[in-house]
Structures are given as C-alpha cells and as structure tokens.
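Listing of coords-v4.txt; format and content: compact mmCIF, C-alpha atoms.
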# COMPACT_ATOMS: atom_id res chain seq x y z
CA MET A 24 23.51 9.19 -3.25
CA ILE A 25 19.84 10.15 -2.84
CA ILE A 26 20.04 12.26 -6.02
CA SER A 27 21.18 9.32 -8.10
CA LYS A 28 18.37 7.23 -6.71
CA LEU A 29 15.85 9.90 -7.62
CA LYS A 30 17.13 10.08 -11.19
CA LEU A 31 16.94 6.34 -11.51
CA HIS A 32 13.46 6.36 -10.04
CA SER A 33 12.17 8.99 -12.44
CA GLN A 34 13.41 6.94 -15.39
CA ASN A 35 11.48 3.92 -14.16
CA ILE A 36 8.13 5.31 -13.05
CA ALA A 37 6.57 1.98 -13.85
CA LEU A 38 8.34 0.52 -10.84
CA ALA A 39 6.95 3.09 -8.45
CA TYR A 40 3.68 1.30 -7.89
CA SER A 41 5.32 -1.91 -6.78
CA ALA A 42 7.20 -0.10 -4.01
CA LYS A 43 3.91 0.67 -2.31
CA ILE A 44 2.18 -2.57 -1.65
CA ASN A 45 1.75 -1.22 1.80
CA GLN A 46 1.52 2.45 2.47
CA PHE A 47 5.17 2.91 3.43
CA ALA A 48 7.35 1.19 0.86
CA ILE A 49 7.64 3.90 -1.82
CA ILE A 50 9.28 6.33 0.61
CA SER A 51 11.29 3.74 2.52
CA PHE A 52 12.93 2.55 -0.71
CA LEU A 53 14.12 6.06 -1.59
CA SER A 54 15.12 7.11 1.90
CA ILE A 55 16.49 3.88 3.31
CA SER A 56 20.01 5.28 3.57
CA HIS A 57 18.84 7.88 6.11
CA PHE A 58 17.97 5.41 8.86
CA HIS A 59 19.90 2.92 10.90
CA PRO A 60 18.95 -0.76 10.61
CA LEU A 61 16.25 -1.84 13.02
CA TRP A 62 17.71 -5.26 13.61
CA VAL A 63 21.08 -7.00 13.33
CA GLU A 64 22.35 -6.85 9.75
CA ALA A 65 20.94 -9.70 7.70
CA ALA A 66 23.89 -9.31 5.35
CA SER A 67 26.04 -11.18 7.84
CA MET A 68 23.93 -14.26 7.24
CA PRO A 69 24.75 -16.65 4.39
CA ASN A 70 21.25 -16.57 2.93
CA ALA A 71 20.57 -12.82 3.01
CA GLN A 72 18.56 -12.89 -0.22
CA LEU A 73 16.35 -15.71 0.99
CA LEU A 74 15.86 -13.97 4.31
CA ALA A 75 14.90 -10.76 2.47
CA VAL A 76 12.22 -12.66 0.54
CA PHE A 77 10.93 -14.06 3.83
CA PHE A 78 10.81 -10.53 5.30
CA MET A 79 8.91 -9.30 2.26
CA VAL A 80 6.29 -12.05 2.41
CA LEU A 81 5.97 -11.57 6.17
CA SER A 82 5.48 -7.82 5.63
CA MET A 83 2.62 -8.34 3.17
CA THR A 84 1.11 -11.00 5.42
CA SER A 85 1.19 -8.64 8.39
CA TYR A 86 -0.60 -5.96 6.40
CA GLN A 87 -3.27 -8.38 5.18
CA ILE A 88 -3.80 -9.72 8.70
CA SER A 89 -4.35 -6.14 9.84
CA ALA A 90 -7.02 -5.77 7.15
CA SER A 91 -8.72 -8.97 8.33
CA PHE A 92 -8.69 -7.75 11.94
CA ALA A 93 -10.09 -4.39 10.81
CA LYS A 94 -12.89 -6.17 8.97
CA GLN A 95 -13.76 -8.09 12.12
CA LEU A 96 -14.21 -4.73 13.88
CA PHE A 97 -16.78 -3.68 11.30
CA SER A 98 -19.39 -5.69 13.21
CA VAL A 99 -19.26 -3.13 16.03
CA LEU A 100 -17.71 -0.06 14.35
CA ASP A 101 -18.28 1.44 10.93
CA PRO A 102 -15.32 1.40 8.46
CA ILE A 103 -14.78 5.17 8.70
CA THR A 104 -14.41 5.03 12.49
CA VAL A 105 -11.99 2.11 12.22
CA THR A 106 -9.97 4.03 9.62
CA ILE A 107 -9.73 7.10 11.85
CA LEU A 108 -8.68 5.07 14.89
CA ARG A 109 -6.04 3.27 12.86
CA LEU A 110 -4.63 6.52 11.41
CA CYS A 111 -4.54 8.22 14.82
CA PHE A 112 -2.58 5.42 16.44
CA ALA A 113 -0.42 4.96 13.33
CA ALA A 114 0.54 8.65 13.50
CA ILE A 115 1.79 8.17 17.05
CA ILE A 116 3.64 4.98 16.13
CA VAL A 117 5.53 6.42 13.14
CA CYS A 118 6.32 9.63 15.03
CA VAL A 119 8.01 7.59 17.76
CA MET A 120 9.66 5.17 15.31
CA PHE A 121 11.25 7.90 13.22
CA ARG A 122 11.62 10.52 16.00
CA SER A 123 9.92 12.98 13.72
CA TRP A 124 9.95 15.80 16.25
CA LYS A 125 13.50 16.42 14.99
CA ILE A 126 12.20 18.13 11.83
CA ILE A 127 9.89 20.62 13.54
CA SER A 128 12.31 23.43 12.71
CA ARG A 129 12.12 22.51 9.00
CA LEU A 130 8.33 22.55 8.74
CA PRO A 131 8.01 26.20 7.59
CA PHE A 132 10.36 25.53 4.67
CA LEU A 133 8.64 22.46 3.24
CA LYS A 134 6.59 22.44 0.03
CA TRP A 135 3.22 22.06 1.64
CA ARG A 136 1.14 21.80 -1.51
CA ASP A 137 2.70 18.46 -2.38
CA LEU A 138 2.58 17.31 1.23
CA LEU A 139 -1.11 18.18 1.55
CA CYS A 140 -1.97 16.37 -1.69
CA TYR A 141 0.09 13.41 -0.50
CA SER A 142 -1.76 13.42 2.84
CA ALA A 143 -5.18 13.73 1.19
CA ALA A 144 -4.44 10.80 -1.13
CA LEU A 145 -3.35 8.67 1.83
CA GLY A 146 -6.40 9.50 3.95
CA VAL A 147 -9.00 9.01 1.21
CA MET A 148 -7.25 5.84 0.05
CA ASN A 149 -7.55 4.29 3.50
CA ILE A 150 -11.20 5.25 3.95
CA LEU A 151 -12.22 3.96 0.52
CA PHE A 152 -10.29 0.72 1.00
CA TYR A 153 -11.95 0.02 4.35
CA LEU A 154 -15.36 0.88 2.87
CA SER A 155 -14.70 -1.63 0.09
CA LEU A 156 -13.49 -4.16 2.64
CA GLY A 157 -16.85 -3.92 4.37
CA ARG A 158 -18.67 -4.94 1.17
CA LEU A 159 -16.27 -7.28 -0.64
CA PRO A 160 -14.12 -10.32 0.17
CA GLN A 161 -10.65 -9.15 1.15
CA GLY A 162 -8.95 -10.71 -1.89
CA ILE A 163 -11.37 -9.01 -4.30
CA ALA A 164 -10.99 -5.63 -2.57
CA VAL A 165 -7.19 -5.78 -2.72
CA GLY A 166 -7.22 -7.07 -6.31
CA LEU A 167 -9.40 -4.19 -7.51
CA GLU A 168 -7.39 -1.64 -5.52
CA PHE A 169 -4.23 -2.98 -7.18
CA ILE A 170 -5.57 -1.70 -10.52
CA GLY A 171 -4.72 1.88 -9.48
CA PRO A 172 -0.94 1.63 -9.16
CA LEU A 173 -0.86 -0.93 -11.98
CA GLY A 174 -2.67 1.57 -14.21
CA LEU A 175 -0.13 4.24 -13.30
CA ALA A 176 2.66 1.90 -14.35
CA LEU A 177 0.88 1.00 -17.59
CA LEU A 178 0.71 4.68 -18.56
CA SER A 179 4.47 4.64 -19.06
CA ILE A 180 4.61 1.71 -21.51
CA LYS A 181 6.66 2.39 -24.63
CA HIS A 182 6.35 -0.81 -26.65
CA ARG A 183 3.29 -2.27 -28.35
CA SER A 184 4.07 -5.64 -26.90
CA ASP A 185 3.46 -4.16 -23.45
CA TYR A 186 -0.23 -3.74 -24.24
CA ILE A 187 -0.62 -7.40 -23.42
CA TRP A 188 -0.40 -6.33 -19.76
CA VAL A 189 -3.15 -3.75 -20.31
CA LEU A 190 -5.38 -6.45 -21.76
CA MET A 191 -4.46 -8.76 -18.89
CA ALA A 192 -5.50 -6.13 -16.34
CA ILE A 193 -8.78 -5.42 -18.17
CA LEU A 194 -9.49 -9.15 -18.34
CA GLY A 195 -8.87 -9.38 -14.61
CA ILE A 196 -11.45 -6.66 -13.91
CA ALA A 197 -13.97 -8.23 -16.29
CA LEU A 198 -13.64 -11.67 -14.70
CA MET A 199 -13.91 -10.17 -11.22
CA VAL A 200 -17.52 -9.09 -11.81
CA PRO A 201 -20.18 -11.84 -11.64
CA TRP A 202 -22.17 -10.49 -14.57
CA GLY A 203 -25.91 -11.00 -14.18
CA GLN A 204 -25.64 -11.10 -10.40
CA ALA A 205 -23.49 -8.03 -9.75
CA ASN A 206 -24.62 -7.79 -6.13
CA SER A 207 -24.09 -11.43 -5.21
CA SER A 208 -22.87 -12.62 -1.82
CA ASN A 209 -19.22 -12.09 -2.75
CA PHE A 210 -19.49 -9.01 -4.94
CA ASP A 211 -21.02 -5.57 -4.49
CA LEU A 212 -20.97 -2.77 -7.06
CA LEU A 213 -20.57 0.01 -4.50
CA GLY A 214 -17.79 -1.94 -2.81
CA ALA A 215 -16.07 -2.40 -6.17
CA ALA A 216 -16.37 1.33 -6.87
CA CYS A 217 -14.79 2.09 -3.48
CA ALA A 218 -11.94 -0.35 -4.18
CA LEU A 219 -11.24 1.19 -7.58
CA GLY A 220 -11.43 4.65 -5.99
CA ALA A 221 -8.91 3.53 -3.39
CA GLY A 222 -6.68 2.31 -6.22
CA PHE A 223 -6.93 5.70 -7.92
CA CYS A 224 -5.93 7.40 -4.66
CA TRP A 225 -3.10 4.88 -4.35
CA ALA A 226 -1.81 6.01 -7.74
CA LEU A 227 -2.06 9.65 -6.61
CA TYR A 228 -0.24 8.73 -3.41
CA ILE A 229 2.61 7.32 -5.47
CA PHE A 230 2.66 10.31 -7.83
CA PHE A 231 2.83 12.87 -5.03
CA GLY A 232 5.12 10.59 -3.02
CA GLN A 233 7.71 10.91 -5.80
CA ARG A 234 7.52 14.69 -5.43
CA VAL A 235 7.53 14.69 -1.65
CA VAL A 236 10.64 12.52 -1.49
CA GLN A 237 12.55 15.23 -3.34
CA GLN A 238 12.23 17.37 -0.22
CA ASN A 239 14.71 14.97 1.35
CA ILE A 240 12.87 14.48 4.65
CA GLY A 241 12.83 10.69 4.41
CA MET A 242 10.29 8.77 6.45
CA HIS A 243 9.24 11.95 8.23
CA ALA A 244 7.04 12.59 5.19
CA LEU A 245 4.92 9.63 6.26
CA THR A 246 4.64 10.96 9.79
CA ILE A 247 3.42 14.28 8.42
CA ALA A 248 1.02 12.67 5.94
CA ILE A 249 -0.54 10.25 8.42
CA SER A 250 -0.79 12.94 11.10
CA ILE A 251 -2.50 15.41 8.75
CA SER A 252 -4.91 12.72 7.55
CA ALA A 253 -5.75 11.74 11.11
CA LEU A 254 -6.23 15.35 12.26
CA CYS A 255 -8.46 16.18 9.29
CA LEU A 256 -10.60 13.07 9.68
CA LEU A 257 -10.86 13.18 13.47
CA PRO A 258 -13.47 16.00 13.60
CA ILE A 259 -15.56 14.13 11.01
CA GLY A 260 -15.36 10.99 13.10
CA LEU A 261 -16.31 12.83 16.28
CA TYR A 262 -19.30 14.40 14.56
CA ASN A 263 -20.38 11.16 12.94
CA ASN A 264 -19.88 8.73 15.82
CA ALA A 265 -18.14 10.31 18.81
CA PRO A 266 -19.18 7.66 21.40
CA ALA A 267 -17.65 4.83 19.35
CA LEU A 268 -14.50 6.81 18.62
CA ILE A 269 -13.75 7.62 22.26
CA ASP A 270 -14.81 4.22 23.59
CA THR A 271 -11.52 2.86 24.94
CA GLN A 272 -12.64 -0.77 24.70
CA HIS A 273 -11.90 -0.64 20.96
CA TRP A 274 -8.56 1.14 21.27
CA GLY A 275 -6.58 -2.01 22.00
CA LYS A 276 -7.73 -3.65 18.76
CA ALA A 277 -7.11 -0.43 16.85
CA ILE A 278 -3.55 -0.26 18.18
CA VAL A 279 -2.92 -3.86 17.12
CA ILE A 280 -4.26 -3.07 13.65
CA ALA A 281 -2.05 0.03 13.44
CA ILE A 282 1.03 -1.97 14.48
CA LEU A 283 0.31 -4.77 12.01
CA ALA A 284 -0.31 -2.28 9.19
CA THR A 285 2.43 0.20 10.12
CA ALA A 286 5.32 -0.74 12.38
CA ILE A 287 5.81 -4.38 11.39
CA PRO A 288 5.49 -3.92 7.59
CA TYR A 289 7.82 -0.91 7.65
CA ALA A 290 10.49 -2.71 9.67
CA LEU A 291 10.31 -5.81 7.48
CA ASP A 292 10.29 -3.82 4.23
CA LEU A 293 13.26 -1.82 5.40
CA LYS A 294 15.30 -4.98 5.86
CA ALA A 295 14.04 -6.61 2.66
CA LEU A 296 14.86 -3.57 0.53
CA GLN A 297 18.47 -3.70 1.66
CA HIS A 298 18.94 -7.03 -0.11
CA LEU A 299 16.40 -7.11 -2.95
CA ASN A 300 16.62 -5.29 -6.27
CA LYS A 301 13.67 -3.39 -7.72
CA MET A 302 12.52 -6.21 -9.98
CA SER A 303 12.53 -8.77 -7.19
CA TYR A 304 10.71 -6.43 -4.86
CA GLY A 305 8.09 -5.53 -7.46
CA THR A 306 7.52 -9.15 -8.43
CA LEU A 307 7.05 -10.21 -4.82
CA SER A 308 4.68 -7.28 -4.25
CA SER A 309 2.48 -8.69 -6.98
CA LEU A 310 1.59 -11.58 -4.68
CA SER A 311 -0.43 -9.23 -2.47
CA PRO A 312 -3.90 -10.00 -3.93
CA ALA A 313 -3.28 -13.73 -3.51
CA LEU A 314 -2.15 -13.26 0.08
CA ALA A 315 -5.21 -11.10 0.71
CA ALA A 316 -7.51 -13.84 -0.62
CA LEU A 317 -5.71 -16.48 1.47
CA THR A 318 -5.84 -14.35 4.62
CA GLY A 319 -9.52 -13.61 4.07
CA PHE A 320 -10.22 -17.32 3.68
CA LEU A 321 -8.25 -18.41 6.76
CA LEU A 322 -9.26 -15.62 9.16
CA LEU A 323 -12.68 -14.59 7.86
CA GLY A 324 -13.92 -17.70 6.08
CA GLU A 325 -14.34 -15.75 2.83
CA LYS A 326 -14.58 -17.64 -0.44
CA ILE A 327 -14.23 -16.43 -4.01
CA THR A 328 -15.38 -18.03 -7.25
CA VAL A 329 -13.06 -19.82 -9.65
CA LEU A 330 -13.41 -16.98 -12.16
CA GLN A 331 -12.52 -14.43 -9.50
CA ALA A 332 -9.43 -16.47 -8.63
CA VAL A 333 -8.47 -16.43 -12.32
CA ALA A 334 -9.07 -12.66 -12.30
CA LEU A 335 -6.61 -12.22 -9.42
CA VAL A 336 -4.04 -14.28 -11.33
CA CYS A 337 -4.50 -12.03 -14.40
CA ILE A 338 -3.94 -8.90 -12.33
CA MET A 339 -0.86 -10.39 -10.66
CA LEU A 340 0.58 -11.51 -14.02
CA ALA A 341 0.06 -8.00 -15.41
CA SER A 342 1.87 -6.59 -12.39
CA VAL A 343 4.79 -8.99 -12.77
CA GLY A 344 4.98 -8.28 -16.51
CA VAL A 345 5.12 -4.52 -16.02
CA THR A 346 7.73 -4.86 -13.27
CA VAL A 347 10.03 -7.08 -15.35
CA ARG A 348 9.63 -4.89 -18.47
CA ALA A 349 10.43 -1.73 -16.49
CA ALA A 350 13.52 -3.33 -14.96
CA ARG A 351 14.84 -4.40 -18.36
CA GLN A 352 14.05 -1.01 -19.86
CA GLY A 353 15.88 0.76 -17.06
CA ALA A 354 18.91 -1.50 -17.45
CA ALA A 355 18.98 -0.85 -21.21
CA GLU A 356 18.82 2.93 -20.70
CA ARG A 357 21.63 2.86 -18.15
CA SER A 358 23.88 0.81 -20.43
CA ALA A 359 23.19 3.02 -23.46

Written form, structure tokens:
Amino acid sequence: MIISKLKLHSQNIALAYSAKINQFAIISFLSISHFHPLWVEAASMPNAQLLAVFFMVLSMTSYQISASFAKQLFSVLDPITVTILRLCFAAIIVCVMFRSWKIISRLPFLKWRDLLCYSAALGVMNILFYLSLGRLPQGIAVGLEFIGPLGLALLSIKHRSDYIWVLMAILGIALMVPWGQANSSNFDLLGAACALGAGFCWALYIFFGQRVVQQNIGMHALTIAISISALCLLPIGLYNNAPALIDTQHWGKAIVIAILATAIPYALDLKALQHLNKMSYGTLSSLSPALAALTGFLLLGEKITVLQAVALVCIMLASVGVTVRAARQGAAERSA
C-alpha cells in the first residue's frame, strides 16, 4: 500500500508542498496507515468530510497561535533561543507520541545522508522563520515563506497556461514590498530575506522528506529530524545565551508553543487526512497566510497594508491554482 502511495506521490510532486503547511504533514500523509487513530473514528459521524475540514482549519490555527506566542517571547528571549527551546521540547513530545524508541535497532541501517539533510533543512527553516517573525508581521512572514514550497511546485508545471500561477506568485512578492519605504514599520528587508530563506529550506525539507519516507520509518523520521536539529543547535544556544536557555521560568511557555506547533497540529492533520483528498487538503493549506495575518492581528495587534493583503491573496490563489492543476494532471495520468 505504501509503495502505491509513493508512486502516486512522485507523479504529483506539485502536491508535495501543500502537505507541509506545518512541519509534519508531508510525512503523516504518506505514513498515515502505520499508526492507529488518536481519537474515535470520525468516519462513524454523518459529516466526516465537514469534520475533517474543521480539523484542518483548527490544525493551521493551532500552528499560527504557536507562532504568535513565540513572537511574544521575543521580548525576553531572542528568536534563536526560542527556536532551540521549542525544538528540544518538540523532540521529547514526538518521541513519546510515536514511541520512537522502537526503531533504535534500525538506526544503523538507515540512509543517514538523506536524514541529515532533512534534519538540517528542518532546523534552519525554523530558525530563519522565527528570525523573520521577529522583524515582520506574522502574516507577511508566513506569506513570504510560502513562496518556497510554492516555487517547488511551480518547477513541475508542464503547460504554458500554468505560468499564470508563476506570475501570480511574483505579483504577490512585488506587492508585499512597500517600495520606497522598504524598512517601514510593517516591513523589513532582512526579515523578508529570512522568510524567503525559510521558504527555500521548506522546499528542501519537502524534497528530502520525499526521499526519507522511502525508508519506510513513518513518523519516526520526524522524531529523528527534530532530535538531530535540537542536539546540533543546543550547543550553539548554550554558547550564545546559556542563562536564558536554562532559565526554567521560560520552559512552560516553550512547552506550550511546542505542543501547539507539534502535538495538536499532527493529531488534527492525521484525522483530517483520513477523510480529505489531496486537492482538498492542498486547497485548505493555502489559507495559511490568511490565518497567519488574522492571528497576528487578533493576538499581536499587527496590521498590514491593503496592498500587502492583496499580495497574500495572490500567493494563496497561486497555491490553489497549482494544487488544482496537479490534482487534475494526476487524475488524467492515472486514467490514461
């Protein structure tokens, strides 16, 4: 069963990006059959599809709330320290959730080059995203980061008509920048560079995630990746700001952030993916920048300009367009 999913996935690389609106979805989609449901089966309910959509929106909301909480911590901790704390606690959470100690005997036989690249992409992606979050409104940071996986999907376009989505994405980036006042109160060039860098690492995360999943270790790949990232970054954090890192008064908030960005989104995505097809999942994922902007406004009081709101819409439309095109293309290839 997993082999057929992998073949289908390789034919539709454009859909890969949409399965990673949070850092766990790409692997959970491909390995969902390896884990027991976390809650009572939603399929027994009459409105399973509607419930799946609710789970999906709740998952993205949880992740964006975690980002808002992390940004609130930036007033007392630097973004790198917050990232390290989150990854350390997330590693513990996913290890317990997936009982990853069961694969210790398989560790010597894994393809570590792919796993290390996967881990590096995840770690750098998180650091760059939090650095961008410290300089940009949350909606802008997420919108620019979204360009990475969207760009990966656009690389696989086969029809000239699909270039409309490329232009839409470029227009979104262009409208995002307040030309003439590039370092205004709601835009920062360095923050934008960090967000785009995070998006590039996101694309690498997806690329290597497709290779890692072929090792058939399911969600344990995430445990390994997060743990390696945390262990590699921990010495840097201790050298840079050891007192803040070991100050237990911040641990409670860091644990909450890790749960909101890890345990809750994974559990909700797992249930949603049981009842949503790829196109529906990818289309819903495209709402992430809008949810980020809304969360930033409600929890942080952040505002964006009208043009920046239009830019987010352009990026989301490009994402939806690529998702729908990829789904139709995959269906045509399967029926041929």

Residue among A:Val147, A:Met191, A:Leu198, A:Ile88 lying closest to Ala221 in chain A, counting only C-alpha atoms: A:Val147

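Using only C-alpha atoms, the shortest contact distance between Ser184 in chain A and any of A:Asp292, A:Arg348, A:Glu168, A:Trp274 is found at A:Arg348.
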
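Coordinates place CA of Leu227 in chain A at a distance of 16.8 Å from CA of Lys134 in chain A.
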
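The interatomic distance for the pair CA of Leu100 in chain A and CA of Ala267 in chain A works out to 7.0 Å.
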
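For the atom pair formed by CA of Arg158 in chain A and CA of Gly214 in chain A, the distance is 5.1 Å, given to one decimal.
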
Neighbouring residues of Asp185 in chain A were defined as those with any atom within 10 Å, considering all atoms listed in the file; residues of the same chain fewer than 5 positions away were excluded. Please report them as number ranges by chain. A: 177, 179-180, 190, 341, 344-345, 348

Near-Gly174 in chain A list (9 Å; all atoms listed in the file; drop same-chain fewer than 6 positions) as number ranges by chain: A: 40, 189, 192, 222-223, 226

How would you write as a ChimeraX atom specification the residues that get within 12 Å of (-5.1, -1.7, -11.2) in the file's frame, counting all atoms listed in the file? /A:40-41,163-178,188-196,218-226,309,312,334-335,337-342,345

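With all atoms listed in the file as the basis for measurement, A:Ser155 is the residue among A:Ser155, A:Thr84, A:Thr246, A:Ser308 that approaches Phe97 in chain A most closely.
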
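Taking only C-alpha atoms into account, Thr106 in chain A lies nearest to A:Ala277 out of the set A:Leu293, A:Met242, A:Leu299, A:Ala277.
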
Using only C-alpha atoms, pick whichever of A:Asn300, A:Val333, A:Asn264, A:Ala248 has the shortest atom-to-atom distance to Ala144 in chain A. A:Ala248

Using 4 Å of padding on each side, determine the axis-aligned box around all atoms of range 125-138 of chain A present in the file and give its centre and edge lengths in Å to one decimal, as lines of an AutoDock Vina configuration file.
center_x = 7.3
center_y = 21.3
center_z = 6.3
size_x = 20.4
size_y = 17.8
size_z = 25.4

Since the input lacks some atoms of range 219-240 of chain A, please model N, CA and C atoms and print them as a tab-separated table (two decimals), in the frame of the given file.
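Result file selection.tsv:
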chain	number	residue	atom	x	y	z
A	219	LEU	N	-11.88	0.53	-6.44
A	219	LEU	CA	-11.24	1.19	-7.58
A	219	LEU	C	-10.88	2.63	-7.23
A	220	GLY	N	-11.75	3.29	-6.45
A	220	GLY	CA	-11.43	4.65	-5.99
A	220	GLY	C	-10.20	4.66	-5.10
A	221	ALA	N	-10.09	3.65	-4.23
A	221	ALA	CA	-8.91	3.53	-3.39
A	221	ALA	C	-7.66	3.31	-4.24
A	222	GLY	N	-7.81	2.53	-5.31
A	222	GLY	CA	-6.68	2.31	-6.22
A	222	GLY	C	-6.26	3.59	-6.91
A	223	PHE	N	-7.24	4.41	-7.30
A	223	PHE	CA	-6.93	5.70	-7.92
A	223	PHE	C	-6.17	6.59	-6.94
A	224	CYS	N	-6.63	6.62	-5.68
A	224	CYS	CA	-5.93	7.40	-4.66
A	224	CYS	C	-4.54	6.83	-4.39
A	225	TRP	N	-4.40	5.52	-4.50
A	225	TRP	CA	-3.10	4.88	-4.35
A	225	TRP	C	-2.14	5.39	-5.42
A	226	ALA	N	-2.63	5.48	-6.65
A	226	ALA	CA	-1.81	6.01	-7.74
A	226	ALA	C	-1.42	7.46	-7.47
A	227	LEU	N	-2.37	8.26	-6.96
A	227	LEU	CA	-2.06	9.65	-6.61
A	227	LEU	C	-1.05	9.71	-5.48
A	228	TYR	N	-1.18	8.80	-4.53
A	228	TYR	CA	-0.24	8.73	-3.41
A	228	TYR	C	1.18	8.49	-3.92
A	229	ILE	N	1.30	7.60	-4.88
A	229	ILE	CA	2.61	7.32	-5.47
A	229	ILE	C	3.14	8.53	-6.22
A	230	PHE	N	2.26	9.15	-7.03
A	230	PHE	CA	2.66	10.31	-7.83
A	230	PHE	C	3.17	11.43	-6.94
A	231	PHE	N	2.40	11.78	-5.91
A	231	PHE	CA	2.83	12.87	-5.03
A	231	PHE	C	3.96	12.41	-4.10
A	232	GLY	N	4.02	11.10	-3.82
A	232	GLY	CA	5.12	10.59	-3.02
A	232	GLY	C	6.46	10.79	-3.71
A	233	GLN	N	6.48	10.67	-5.04
A	233	GLN	CA	7.71	10.91	-5.80
A	233	GLN	C	8.15	12.36	-5.68
A	234	ARG	N	7.19	13.27	-5.56
A	234	ARG	CA	7.52	14.69	-5.43
A	234	ARG	C	7.91	15.04	-4.00
A	235	VAL	N	7.23	14.42	-3.06
A	235	VAL	CA	7.53	14.69	-1.65
A	235	VAL	C	8.93	14.22	-1.29
A	236	VAL	N	9.34	13.07	-1.85
A	236	VAL	CA	10.64	12.52	-1.49
A	236	VAL	C	11.78	13.44	-1.91
A	237	GLN	N	11.53	14.29	-2.89
A	237	GLN	CA	12.55	15.23	-3.34
A	237	GLN	C	12.83	16.31	-2.29
A	238	GLN	N	11.98	16.42	-1.30
A	238	GLN	CA	12.23	17.37	-0.22
A	238	GLN	C	13.24	16.83	0.78
A	239	ASN	N	13.63	15.57	0.57
A	239	ASN	CA	14.71	14.97	1.35
A	239	ASN	C	14.43	14.97	2.86
A	240	ILE	N	13.20	14.59	3.23
A	240	ILE	CA	12.87	14.48	4.65
A	240	ILE	C	12.61	13.03	5.04
